[in-house]
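File shown: final36.cif. Contents: mmCIF, C-alpha atoms.
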data_run
loop_
_atom_site.label_atom_id
_atom_site.label_comp_id
_atom_site.auth_asym_id
_atom_site.auth_seq_id
_atom_site.Cartn_x
_atom_site.Cartn_y
_atom_site.Cartn_z
CA MET A 1 145.21 85.67 85.67
CA THR A 2 144.19 85.95 89.32
CA ILE A 3 142.10 88.96 90.34
CA ALA A 4 141.11 89.52 93.97
CA VAL A 5 137.81 91.20 94.80
CA VAL A 6 137.26 93.46 97.79
CA THR A 7 134.02 94.94 99.06
CA ASP A 8 132.83 96.49 102.32
CA SER A 9 130.60 95.31 105.12
CA THR A 10 127.50 97.13 103.87
CA ALA A 11 127.04 94.60 101.05
CA TYR A 12 125.10 92.35 103.48
CA LEU A 13 125.75 89.23 101.49
CA PRO A 14 123.46 86.29 102.30
CA ALA A 15 124.87 83.71 104.67
CA GLU A 16 124.09 80.86 102.26
CA LEU A 17 126.75 82.19 99.89
CA ASN A 18 129.54 81.98 102.46
CA GLY A 19 132.43 80.10 100.89
CA THR A 20 130.91 80.22 97.41
CA TYR A 21 132.76 83.34 96.29
CA ASP A 22 136.24 84.57 97.16
CA LEU A 23 135.67 88.05 98.59
CA THR A 24 137.58 90.20 101.05
CA ILE A 25 135.28 92.35 103.18
CA VAL A 26 136.54 95.53 104.83
CA PRO A 27 134.28 96.59 107.74
CA LEU A 28 132.90 100.04 108.46
CA THR A 29 132.71 101.31 112.04
CA VAL A 30 129.66 102.13 114.15
CA VAL A 31 129.97 104.49 117.11
CA ILE A 32 127.45 104.18 119.96
CA ASN A 33 127.75 106.73 122.77
CA GLY A 34 131.47 107.12 122.14
CA TRP A 35 132.20 103.40 121.88
CA ASP A 36 133.15 102.19 118.41
CA GLY A 37 132.97 98.72 116.94
CA LEU A 38 133.45 97.08 113.58
CA GLU A 39 130.28 96.22 111.70
CA GLY A 40 129.59 92.51 111.60
CA ILE A 41 132.39 91.77 114.04
CA GLU A 42 131.99 93.87 117.18
CA VAL A 43 128.57 95.50 116.86
CA SER A 44 125.24 94.05 115.77
CA PRO A 45 122.16 95.66 114.18
CA ALA A 46 120.13 94.76 117.28
CA GLU A 47 122.51 96.79 119.46
CA VAL A 48 122.11 99.76 117.14
CA ALA A 49 118.32 99.43 117.12
CA ARG A 50 118.25 99.42 120.92
CA ALA A 51 120.50 102.48 121.08
CA LEU A 52 118.34 104.39 118.61
CA THR A 53 115.24 103.86 120.72
CA ALA A 54 116.98 104.92 123.93
CA ARG A 55 116.95 108.51 125.14
CA ARG A 56 120.06 110.61 124.58
CA ALA A 57 121.80 107.86 122.64
CA ALA A 58 124.30 109.03 120.04
CA VAL A 59 124.84 106.69 117.08
CA SER A 60 127.06 107.42 114.08
CA THR A 61 129.16 105.59 111.52
CA SER A 62 132.59 106.06 109.99
CA ARG A 63 134.36 104.80 106.90
CA PRO A 64 137.44 102.59 106.92
CA ALA A 65 140.68 104.56 106.76
CA PRO A 66 142.54 104.56 103.43
CA ALA A 67 145.36 102.75 105.23
CA GLN A 68 143.02 99.82 105.94
CA PHE A 69 142.25 99.44 102.26
CA ALA A 70 145.88 99.88 101.26
CA ALA A 71 146.93 97.15 103.68
CA GLU A 72 144.35 94.73 102.23
CA TYR A 73 145.32 95.55 98.64
CA ARG A 74 149.01 94.99 99.35
CA ARG A 75 148.28 91.76 101.24
CA LEU A 76 146.29 90.38 98.32
CA LEU A 77 148.90 91.41 95.75
CA ASP A 78 151.72 90.00 97.87
CA ALA A 79 149.76 86.75 98.13
CA GLY A 80 149.85 86.39 94.36
CA ALA A 81 146.92 88.35 92.95
CA ASP A 82 147.65 90.03 89.63
CA GLY A 83 145.18 92.81 90.42
CA VAL A 84 142.41 93.90 92.77
CA VAL A 85 138.89 95.14 92.04
CA SER A 86 137.36 96.95 95.01
CA VAL A 87 133.57 97.49 94.90
CA HIS A 88 131.87 99.80 97.41
CA LEU A 89 128.74 101.58 98.51
CA SER A 90 127.69 104.85 96.94
CA ALA A 91 130.17 107.71 97.18
CA LYS A 92 127.19 109.99 97.87
CA LEU A 93 126.23 107.98 100.97
CA SER A 94 129.65 107.34 102.50
CA GLY A 95 133.32 108.24 102.30
CA THR A 96 134.18 104.56 101.89
CA TYR A 97 134.58 104.74 98.11
CA GLU A 98 136.83 107.80 98.44
CA ALA A 99 138.97 106.03 101.05
CA ALA A 100 139.34 103.04 98.73
CA ARG A 101 140.20 105.34 95.80
CA ILE A 102 142.91 107.09 97.84
CA ALA A 103 144.36 103.73 98.83
CA ALA A 104 144.31 102.54 95.22
CA GLY A 105 146.24 105.64 94.22
CA GLU A 106 148.89 104.77 96.79
CA VAL A 107 149.17 101.10 95.84
CA GLY A 108 149.21 101.56 92.07
CA PRO A 109 147.42 100.75 88.82
CA ARG A 110 146.81 97.11 89.66
CA VAL A 111 143.89 98.23 91.87
CA ARG A 112 140.59 99.47 90.42
CA VAL A 113 137.76 100.87 92.53
CA VAL A 114 134.09 100.68 91.51
CA ASP A 115 131.30 102.83 92.95
CA SER A 116 128.17 100.65 93.08
CA GLY A 117 126.00 103.75 93.42
CA THR A 118 123.99 102.16 96.21
CA ALA A 119 124.31 99.90 99.27
CA ALA A 120 123.19 96.57 100.77
CA MET A 121 122.66 93.93 98.07
CA GLY A 122 122.59 96.77 95.56
CA LEU A 123 126.32 96.64 96.32
CA GLY A 124 126.31 92.90 96.95
CA PHE A 125 125.15 91.91 93.47
CA PRO A 126 127.96 93.86 91.71
CA ALA A 127 130.52 92.48 94.17
CA LEU A 128 129.31 88.94 93.49
CA ALA A 129 129.45 89.57 89.73
CA ALA A 130 133.05 90.71 90.08
CA ALA A 131 133.92 87.65 92.16
CA ALA A 132 132.29 85.35 89.58
CA ALA A 133 134.24 87.00 86.75
CA ALA A 134 137.46 86.68 88.74
CA ARG A 135 136.73 83.02 89.43
CA ASP A 136 136.30 82.50 85.68
CA GLY A 137 139.79 83.86 85.06
CA HIS A 138 138.96 87.27 83.56
CA ASP A 139 141.48 90.06 83.67
CA LEU A 140 141.42 93.24 85.75
CA ALA A 141 139.47 95.31 83.22
CA ALA A 142 136.86 92.60 82.63
CA VAL A 143 136.27 92.00 86.34
CA SER A 144 135.83 95.73 86.89
CA ARG A 145 133.40 95.92 83.95
CA ALA A 146 131.38 93.01 85.34
CA ALA A 147 130.84 94.90 88.60
CA SER A 148 129.94 98.14 86.83
CA ALA A 149 127.52 96.41 84.46
CA VAL A 150 125.55 94.81 87.28
CA ALA A 151 125.61 98.04 89.29
CA GLY A 152 123.81 99.64 86.36
CA ARG A 153 121.05 97.03 86.49
CA VAL A 154 120.13 97.10 90.18
CA THR A 155 117.24 98.97 91.76
CA THR A 156 117.25 99.60 95.52
CA LEU A 157 113.90 100.30 97.19
CA PHE A 158 113.11 100.48 100.87
CA TYR A 159 110.55 101.49 103.45
CA VAL A 160 111.22 103.01 106.87
CA ASP A 161 108.80 103.87 109.65
CA THR A 162 110.33 107.35 109.92
CA LEU A 163 112.80 109.46 107.97
CA GLU A 164 114.15 111.02 111.14
CA PHE A 165 117.24 108.82 111.36
CA LEU A 166 118.13 109.39 107.70
CA ARG A 167 117.73 113.13 108.27
CA ARG A 168 119.94 113.10 111.36
CA GLY A 169 122.71 111.32 109.51
CA GLY A 170 122.51 113.68 106.55
CA ARG A 171 121.51 110.91 104.15
CA ILE A 172 118.32 112.67 103.14
CA GLY A 173 117.55 116.39 103.02
CA ALA A 174 115.33 118.10 105.56
CA ALA A 175 112.83 119.07 102.85
CA SER A 176 112.48 115.49 101.65
CA ALA A 177 112.19 114.28 105.23
CA LEU A 178 109.39 116.75 105.88
CA LEU A 179 107.65 115.81 102.64
CA GLY A 180 107.98 112.13 103.39
CA THR A 181 106.35 112.41 106.80
CA ALA A 182 103.73 115.06 106.04
CA LEU A 183 100.17 114.08 106.86
CA SER A 184 101.43 110.87 108.47
CA VAL A 185 102.17 109.20 105.14
CA LYS A 186 104.57 106.29 104.94
CA PRO A 187 107.58 106.95 102.68
CA ILE A 188 109.01 104.53 100.15
CA LEU A 189 112.53 105.46 99.15
CA HIS A 190 114.97 104.45 96.47
CA VAL A 191 118.56 105.14 95.61
CA GLU A 192 118.78 107.29 92.51
CA ASN A 193 122.10 108.46 91.04
CA GLY A 194 123.77 107.37 94.26
CA ALA A 195 121.52 109.37 96.60
CA ILE A 196 118.42 108.52 98.64
CA THR A 197 115.19 110.10 97.47
CA VAL A 198 111.49 109.67 98.23
CA ARG A 199 110.04 107.41 95.53
CA ASP A 200 106.43 107.22 96.69
CA ARG A 201 104.15 107.83 99.65
CA VAL A 202 101.25 105.78 100.95
CA ARG A 203 98.98 105.98 103.97
CA THR A 204 99.77 102.83 105.94
CA ALA A 205 102.64 100.44 106.52
CA GLY A 206 100.64 97.64 104.91
CA ARG A 207 100.14 99.63 101.75
CA ALA A 208 103.81 100.60 101.78
CA LEU A 209 104.85 96.96 101.68
CA GLY A 210 102.39 96.26 98.88
CA ARG A 211 103.73 99.22 96.95
CA LEU A 212 107.29 97.95 97.48
CA VAL A 213 106.28 94.75 95.72
CA ASP A 214 104.67 96.69 92.85
CA LEU A 215 107.76 98.82 92.34
CA ALA A 216 110.09 95.82 92.54
CA VAL A 217 108.09 93.95 89.89
CA GLU A 218 108.19 97.05 87.71
CA ALA A 219 111.97 97.27 88.15
CA ALA A 220 112.38 93.62 87.17
CA GLY A 221 110.85 94.31 83.76
CA ASP A 222 109.93 91.43 81.49
CA GLY A 223 113.08 89.38 81.87
CA GLU A 224 114.72 87.30 84.56
CA ALA A 225 115.72 88.95 87.81
CA ASP A 226 117.40 88.26 91.13
CA VAL A 227 115.93 89.74 94.30
CA ALA A 228 117.26 90.44 97.77
CA VAL A 229 114.85 91.27 100.57
CA HIS A 230 116.32 93.15 103.52
CA HIS A 231 114.92 93.82 106.97
CA LEU A 232 115.91 95.09 110.39
CA GLY A 233 114.51 92.89 113.13
CA THR A 234 111.41 91.96 111.11
CA PRO A 235 112.07 88.57 109.48
CA ASP A 236 108.35 87.78 109.16
CA ARG A 237 107.81 90.97 107.16
CA ALA A 238 110.74 90.05 104.92
CA SER A 239 109.40 86.53 104.37
CA ALA A 240 106.01 87.96 103.41
CA LEU A 241 107.66 90.32 100.93
CA ALA A 242 109.70 87.50 99.42
CA GLY A 243 106.61 85.34 99.09
CA ALA A 244 104.66 88.11 97.36
CA LEU A 245 107.54 88.75 94.96
CA GLY A 246 107.79 85.06 94.18
CA GLU A 247 104.11 84.95 93.29
CA ARG A 248 104.26 88.05 91.12
CA LEU A 249 107.50 87.25 89.28
CA GLY A 250 106.93 83.52 88.89
CA ASP A 251 109.47 81.76 86.68
CA ARG A 252 111.26 85.04 86.00
CA LEU A 253 112.59 85.08 89.57
CA ARG A 254 115.98 83.41 89.65
CA ASP A 255 117.81 83.88 92.95
CA CYS A 256 115.98 85.25 95.99
CA TYR A 257 117.83 86.12 99.20
CA LEU A 258 116.61 87.25 102.61
CA THR A 259 119.14 89.11 104.75
CA GLU A 260 119.07 91.40 107.74
CA VAL A 261 120.87 94.69 107.22
CA GLY A 262 123.90 95.32 109.36
CA ALA A 263 124.70 97.92 111.97
CA VAL A 264 125.72 100.71 109.57
CA VAL A 265 122.48 100.83 107.60
CA ALA A 266 120.55 100.23 110.84
CA ALA A 267 122.17 103.35 112.29
CA HIS A 268 120.82 105.48 109.45
CA THR A 269 117.38 103.96 108.89
CA GLY A 270 116.22 102.97 112.36
CA PRO A 271 114.01 100.02 113.33
CA GLY A 272 111.30 98.84 110.95
CA LEU A 273 113.30 98.87 107.73
CA ALA A 274 112.05 96.71 104.86
CA GLY A 275 113.89 96.79 101.56
CA VAL A 276 114.00 95.12 98.17
CA VAL A 277 116.94 95.11 95.78
CA VAL A 278 116.22 93.97 92.23
CA HIS A 279 118.93 92.86 89.84
CA SER A 280 117.59 92.70 86.32
CA ARG A 281 119.58 90.11 84.38
CA THR A 282 118.78 91.71 81.01
#
Here is a file; write its structure as C-alpha cells.
Amino acid sequence: MTIAVVTDSTAYLPAELNGTYDLTIVPLTVVINGWDGLEGIEVSPAEVARALTARRAAVSTSRPAPAQFAAEYRRLLDAGADGVVSVHLSAKLSGTYEAARIAAGEVGPRVRVVDSGTAAMGLGFPALAAAAAARDGHDLAAVSRAASAVAGRVTTLFYVDTLEFLRRGGRIGAASALLGTALSVKPILHVENGAITVRDRVRTAGRALGRLVDLAVEAAGDGEADVAVHHLGTPDRASALAGALGERLGDRLRDCYLTEVGAVVAAHTGPGLAGVVVHSRT
C-alpha cells in the first residue's frame, strides 16, 4: 500500500533531511504591507524580522485555501497513492488544519487529517513519523496513528524577547501578555492543549535560555529523546542551546536538529526567538 504524507510549511524540517522522506509541503502565506508571499518560497524570515522592526509595518499571515489542499490530495491520489495523511499545525493557532479538513471532506475517505497540536518541529516530528510509516508500507490508519502518537509525545518550549507580536496576532491573550512582561521579566512559553501559554518567567535572557534547557531535559524524561532547536536570526544562541542539551542529556539524546523558523512563526514571535522541541521516544 502506498500512502502519501502532506504537511505545511510551518513544520520547519531540517535541511539535512531533504530527500530522506517523501513529504508534500503546502505553504502558508505571509502578508507584509499588503504584499503577500508564500512561506519558504517568496518570503524569508529575515524579511519579516525587518518589517516587524520598521515603523508602521503591517505583517500578518493566512492559511492555505481548502482548494490548495484538495488539489494536492487529488494530485497524489491520481499519481497512484492509495491514501493521504495530512499533518498540520495546531487548529488553535491557525485555520490551516480546518482548511485541510474541509478539503479532505471534499476529496473523500482516502484522506485523513491530523492536528499536531503545535507547530515548528512539534509538527515536524509527527510528519516525519507519518512519512517513515508510509515508507515502511503501513496502511492509511497506521500512518495516521503514527503521526498522532508522536504528536502526543512532543513538548514545544520557546523564549521571545517580547510577547507583543504574539498579542497582536491573537496567539496569546492580553492578560497573559501583560503577566509575561510585568516587572521586565522574560517569558518562557509552551504549547499546551494546542494553545500558547506562559510556562515560566525569569529575570534575564541568559536565565531564560538556561531555564529552557532545564525544562527540555525535564520533558525528555528518563528515556531517549530527539530534540530540535529553533531560532530566528540567532544561530549562535541556538548552537549554545544545542550544546547545553547535549551535555545534559548525554547518551539519551538521539537526533538533534538546528533550524531557523520560517516567516510565519517569525511574524507572530518577532526577532529573538529561541525554541526547543523535545520528542520523547518512550
Proximity check region 188-244 of chain A to region 110-131 of chain A, 9 Å, nearest pairs one decimal Å, all atoms listed in the file, as JSON lines:
{"residue": "A:Val191", "atom": "CA", "partner": "A:Thr118", "partner_atom": "CA", "distance": 6.2}
{"residue": "A:Glu192", "atom": "CA", "partner": "A:Gly117", "partner_atom": "CA", "distance": 8.1}
{"residue": "A:Asn193", "atom": "CA", "partner": "A:Gly117", "partner_atom": "CA", "distance": 6.6}
{"residue": "A:Gly194", "atom": "CA", "partner": "A:Gly117", "partner_atom": "CA", "distance": 4.3}
{"residue": "A:Ala195", "atom": "CA", "partner": "A:Thr118", "partner_atom": "CA", "distance": 7.6}
{"residue": "A:Ile196", "atom": "CA", "partner": "A:Thr118", "partner_atom": "CA", "distance": 8.8}
{"residue": "A:Asp226", "atom": "CA", "partner": "A:Phe125", "partner_atom": "CA", "distance": 8.9}
{"residue": "A:Val227", "atom": "CA", "partner": "A:Met121", "partner_atom": "CA", "distance": 8.8}
{"residue": "A:Ala228", "atom": "CA", "partner": "A:Met121", "partner_atom": "CA", "distance": 6.4}
{"residue": "A:Val229", "atom": "CA", "partner": "A:Met121", "partner_atom": "CA", "distance": 8.6}
{"residue": "A:His230", "atom": "CA", "partner": "A:Ala120", "partner_atom": "CA", "distance": 8.2}
### Task
Place a sphere of radius 10 Å on (139.5, 101.8, 99.1) in the file coordinates and name every protein, DNA or RNA residue with an atom inside or on its surface, counting all atoms listed in the file; give the answer as a PyMOL selection string.
chain A and resi 6-8+26+63-73+85-88+95-105+111-114
For the residues selected in the previous step, produce a file with C-alpha atoms as a tab-separated table (two decimals), keeping the file's coordinate frame.
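Here's the written file result39.tsv:
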chain	number	residue	atom	x	y	z
A	6	VAL	CA	137.26	93.46	97.79
A	7	THR	CA	134.02	94.94	99.06
A	8	ASP	CA	132.83	96.49	102.32
A	26	VAL	CA	136.54	95.53	104.83
A	63	ARG	CA	134.36	104.80	106.90
A	64	PRO	CA	137.44	102.59	106.92
A	65	ALA	CA	140.68	104.56	106.76
A	66	PRO	CA	142.54	104.56	103.43
A	67	ALA	CA	145.36	102.75	105.23
A	68	GLN	CA	143.02	99.82	105.94
A	69	PHE	CA	142.25	99.44	102.26
A	70	ALA	CA	145.88	99.88	101.26
A	71	ALA	CA	146.93	97.15	103.68
A	72	GLU	CA	144.35	94.73	102.23
A	73	TYR	CA	145.32	95.55	98.64
A	85	VAL	CA	138.89	95.14	92.04
A	86	SER	CA	137.36	96.95	95.01
A	87	VAL	CA	133.57	97.49	94.90
A	88	HIS	CA	131.87	99.80	97.41
A	95	GLY	CA	133.32	108.24	102.30
A	96	THR	CA	134.18	104.56	101.89
A	97	TYR	CA	134.58	104.74	98.11
A	98	GLU	CA	136.83	107.80	98.44
A	99	ALA	CA	138.97	106.03	101.05
A	100	ALA	CA	139.34	103.04	98.73
A	101	ARG	CA	140.20	105.34	95.80
A	102	ILE	CA	142.91	107.09	97.84
A	103	ALA	CA	144.36	103.73	98.83
A	104	ALA	CA	144.31	102.54	95.22
A	105	GLY	CA	146.24	105.64	94.22
A	111	VAL	CA	143.89	98.23	91.87
A	112	ARG	CA	140.59	99.47	90.42
A	113	VAL	CA	137.76	100.87	92.53
A	114	VAL	CA	134.09	100.68	91.51
### Message
I need the output of the PyMOL selection byres ((chain A and resi 190) around 8) for this file as a PyMOL selection string; which residues are they?
### Response
chain A and resi 155-158+188-189+191-192+196-199
### Selection: 10 Å around region 49-54 of chain A, all atoms listed in the file, excl. self and same-chain fewer than 2 positions, as a list in words
Ile32, Asn33, Ser44, Pro45, Ala46, Glu47, Arg56, Ala57, Ala58, Val59, Phe165, Leu232, Gly233, Ala263, Ala266, Ala267, His268, Thr269, Gly270, Pro271 and Gly272 of chain A
### Task
Excluding Val213 (chain A) and residues on its chain fewer than 6 positions from it, collect all residues at most 8 Å away from it, counting all atoms listed in the file, and give them as a ChimeraX atom specification.
/A:241,244-245
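The neighbours of region 246-252 of chain A here are the residues that come within 12 Å of it, using all atoms listed in the file and leaving out any residue fewer than 4 positions away in the same chain; they are Gly210, Val213, Asp214, Leu215, Ala216, Val217, Glu218, Ala219, Ala220, Gly221, Asp222, Gly223, Glu224, Ala225, Asp226, Val227, Ala228, Val229, Ser239, Ala240, Leu241, Ala242, Cys256, Tyr257, Val278, His279, Ser280, Arg281 and Thr282 of chain A.
If only C-alpha atoms are the atoms counted, then among A:Val43, A:Leu23, A:Val154, A:Leu13 the closest residue to Ala132 (chain A) is A:Leu23.
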### Message
I'd like the interatomic distance between CA of Leu77 (chain A) and CA of Pro14 (chain A), to a tenth of an Å.
### Response
26.8 Å
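Rounded to one decimal, CA of Lys92 (chain A) and CA of Ser60 (chain A) lie 16.4 Å from each other.
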### Query
Can you list, as a ChimeraX atom specification, the residues that the PyMOL selection byres ((chain A and resi 22) around 8) selects here?
/A:4-5,19-21,23-24,131,135
### Query
How many Å separate CA of Ala238 (chain A) from CA of Leu209 (chain A)?
9.6 Å
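Shortest atom-to-atom contact with Gly108 (chain A) among A:Gly243, A:Pro27, A:Gly37, A:Gly83: A:Gly83, counting all atoms listed in the file.
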Atoms added to region 24-48 of chain A (N, CA, C and O atoms), reported as a PDB file, in the frame of the given file:
ATOM      1  N   THR A  24     137.034  89.591  99.843  1.00  0.00           N
ATOM      2  CA  THR A  24     137.580  90.200 101.050  1.00  0.00           C
ATOM      3  C   THR A  24     136.667  91.342 101.468  1.00  0.00           C
ATOM      4  O   THR A  24     136.353  92.214 100.650  1.00  0.00           O
ATOM      5  N   ILE A  25     136.227  91.334 102.718  1.00  0.00           N
ATOM      6  CA  ILE A  25     135.280  92.350 103.180  1.00  0.00           C
ATOM      7  C   ILE A  25     135.958  93.247 104.206  1.00  0.00           C
ATOM      8  O   ILE A  25     136.467  92.778 105.232  1.00  0.00           O
ATOM      9  N   VAL A  26     135.964  94.539 103.917  1.00  0.00           N
ATOM     10  CA  VAL A  26     136.540  95.530 104.830  1.00  0.00           C
ATOM     11  C   VAL A  26     135.388  96.166 105.623  1.00  0.00           C
ATOM     12  O   VAL A  26     134.465  96.726 105.027  1.00  0.00           O
ATOM     13  N   PRO A  27     135.422  96.093 106.954  1.00  0.00           N
ATOM     14  CA  PRO A  27     134.280  96.590 107.740  1.00  0.00           C
ATOM     15  C   PRO A  27     134.294  98.094 107.966  1.00  0.00           C
ATOM     16  O   PRO A  27     135.356  98.716 108.096  1.00  0.00           O
ATOM     17  N   LEU A  28     133.089  98.671 107.992  1.00  0.00           N
ATOM     18  CA  LEU A  28     132.900 100.040 108.460  1.00  0.00           C
ATOM     19  C   LEU A  28     132.775 100.014 109.975  1.00  0.00           C
ATOM     20  O   LEU A  28     132.665  98.941 110.591  1.00  0.00           O
ATOM     21  N   THR A  29     132.773 101.192 110.579  1.00  0.00           N
ATOM     22  CA  THR A  29     132.710 101.310 112.040  1.00  0.00           C
ATOM     23  C   THR A  29     131.417 101.994 112.455  1.00  0.00           C
ATOM     24  O   THR A  29     130.965 102.937 111.809  1.00  0.00           O
ATOM     25  N   VAL A  30     130.836 101.510 113.537  1.00  0.00           N
ATOM     26  CA  VAL A  30     129.660 102.130 114.150  1.00  0.00           C
ATOM     27  C   VAL A  30     130.064 102.650 115.525  1.00  0.00           C
ATOM     28  O   VAL A  30     130.739 101.953 116.284  1.00  0.00           O
ATOM     29  N   VAL A  31     129.647 103.867 115.820  1.00  0.00           N
ATOM     30  CA  VAL A  31     129.970 104.490 117.110  1.00  0.00           C
ATOM     31  C   VAL A  31     128.675 104.674 117.890  1.00  0.00           C
ATOM     32  O   VAL A  31     127.741 105.336 117.436  1.00  0.00           O
ATOM     33  N   ILE A  32     128.623 104.075 119.096  1.00  0.00           N
ATOM     34  CA  ILE A  32     127.450 104.180 119.960  1.00  0.00           C
ATOM     35  C   ILE A  32     127.883 104.807 121.278  1.00  0.00           C
ATOM     36  O   ILE A  32     128.661 104.217 122.030  1.00  0.00           O
ATOM     37  N   ASN A  33     127.417 106.018 121.523  1.00  0.00           N
ATOM     38  CA  ASN A  33     127.750 106.730 122.770  1.00  0.00           C
ATOM     39  C   ASN A  33     129.250 106.742 123.039  1.00  0.00           C
ATOM     40  O   ASN A  33     129.706 106.510 124.169  1.00  0.00           O
ATOM     41  N   GLY A  34     130.026 107.002 121.985  1.00  0.00           N
ATOM     42  CA  GLY A  34     131.470 107.120 122.140  1.00  0.00           C
ATOM     43  C   GLY A  34     132.239 105.828 122.020  1.00  0.00           C
ATOM     44  O   GLY A  34     133.472 105.842 121.918  1.00  0.00           O
ATOM     45  N   TRP A  35     131.527 104.689 122.045  1.00  0.00           N
ATOM     46  CA  TRP A  35     132.200 103.400 121.880  1.00  0.00           C
ATOM     47  C   TRP A  35     132.100 102.991 120.419  1.00  0.00           C
ATOM     48  O   TRP A  35     131.038 103.069 119.813  1.00  0.00           O
ATOM     49  N   ASP A  36     133.204 102.565 119.817  1.00  0.00           N
ATOM     50  CA  ASP A  36     133.150 102.190 118.410  1.00  0.00           C
ATOM     51  C   ASP A  36     133.461 100.724 118.225  1.00  0.00           C
ATOM     52  O   ASP A  36     134.276 100.140 118.952  1.00  0.00           O
ATOM     53  N   GLY A  37     132.779 100.134 117.253  1.00  0.00           N
ATOM     54  CA  GLY A  37     132.970  98.720 116.940  1.00  0.00           C
ATOM     55  C   GLY A  37     132.837  98.477 115.463  1.00  0.00           C
ATOM     56  O   GLY A  37     132.173  99.224 114.737  1.00  0.00           O
ATOM     57  N   LEU A  38     133.475  97.420 114.989  1.00  0.00           N
ATOM     58  CA  LEU A  38     133.450  97.080 113.580  1.00  0.00           C
ATOM     59  C   LEU A  38     132.143  96.381 113.226  1.00  0.00           C
ATOM     60  O   LEU A  38     131.708  95.459 113.924  1.00  0.00           O
ATOM     61  N   GLU A  39     131.542  96.818 112.129  1.00  0.00           N
ATOM     62  CA  GLU A  39     130.280  96.220 111.700  1.00  0.00           C
ATOM     63  C   GLU A  39     130.473  94.740 111.375  1.00  0.00           C
ATOM     64  O   GLU A  39     131.419  94.346 110.704  1.00  0.00           O
ATOM     65  N   GLY A  40     129.548  93.929 111.874  1.00  0.00           N
ATOM     66  CA  GLY A  40     129.590  92.510 111.600  1.00  0.00           C
ATOM     67  C   GLY A  40     130.577  91.728 112.432  1.00  0.00           C
ATOM     68  O   GLY A  40     130.605  90.489 112.365  1.00  0.00           O
ATOM     69  N   ILE A  41     131.380  92.437 113.205  1.00  0.00           N
ATOM     70  CA  ILE A  41     132.390  91.770 114.040  1.00  0.00           C
ATOM     71  C   ILE A  41     132.185  92.115 115.505  1.00  0.00           C
ATOM     72  O   ILE A  41     132.130  91.230 116.366  1.00  0.00           O
ATOM     73  N   GLU A  42     132.068  93.406 115.788  1.00  0.00           N
ATOM     74  CA  GLU A  42     131.990  93.870 117.180  1.00  0.00           C
ATOM     75  C   GLU A  42     130.660  94.516 117.540  1.00  0.00           C
ATOM     76  O   GLU A  42     130.400  94.739 118.726  1.00  0.00           O
ATOM     77  N   VAL A  43     129.846  94.853 116.566  1.00  0.00           N
ATOM     78  CA  VAL A  43     128.570  95.500 116.860  1.00  0.00           C
ATOM     79  C   VAL A  43     127.500  94.934 115.944  1.00  0.00           C
ATOM     80  O   VAL A  43     127.744  94.697 114.760  1.00  0.00           O
ATOM     81  N   SER A  44     126.322  94.687 116.513  1.00  0.00           N
ATOM     82  CA  SER A  44     125.240  94.050 115.770  1.00  0.00           C
ATOM     83  C   SER A  44     124.141  95.063 115.451  1.00  0.00           C
ATOM     84  O   SER A  44     124.017  96.105 116.106  1.00  0.00           O
ATOM     85  N   PRO A  45     123.288  94.764 114.471  1.00  0.00           N
ATOM     86  CA  PRO A  45     122.160  95.660 114.180  1.00  0.00           C
ATOM     87  C   PRO A  45     121.193  95.775 115.346  1.00  0.00           C
ATOM     88  O   PRO A  45     120.590  96.828 115.561  1.00  0.00           O
ATOM     89  N   ALA A  46     121.043  94.708 116.131  1.00  0.00           N
ATOM     90  CA  ALA A  46     120.130  94.760 117.280  1.00  0.00           C
ATOM     91  C   ALA A  46     120.632  95.765 118.318  1.00  0.00           C
ATOM     92  O   ALA A  46     119.835  96.499 118.926  1.00  0.00           O
ATOM     93  N   GLU A  47     121.951  95.819 118.516  1.00  0.00           N
ATOM     94  CA  GLU A  47     122.510  96.790 119.460  1.00  0.00           C
ATOM     95  C   GLU A  47     122.252  98.212 118.990  1.00  0.00           C
ATOM     96  O   GLU A  47     121.943  99.101 119.784  1.00  0.00           O
ATOM     97  N   VAL A  48     122.376  98.437 117.691  1.00  0.00           N
ATOM     98  CA  VAL A  48     122.110  99.760 117.140  1.00  0.00           C
ATOM     99  C   VAL A  48     120.640 100.122 117.302  1.00  0.00           C
ATOM    100  O   VAL A  48     120.303 101.242 117.691  1.00  0.00           O
TER     101      VAL A  48
END
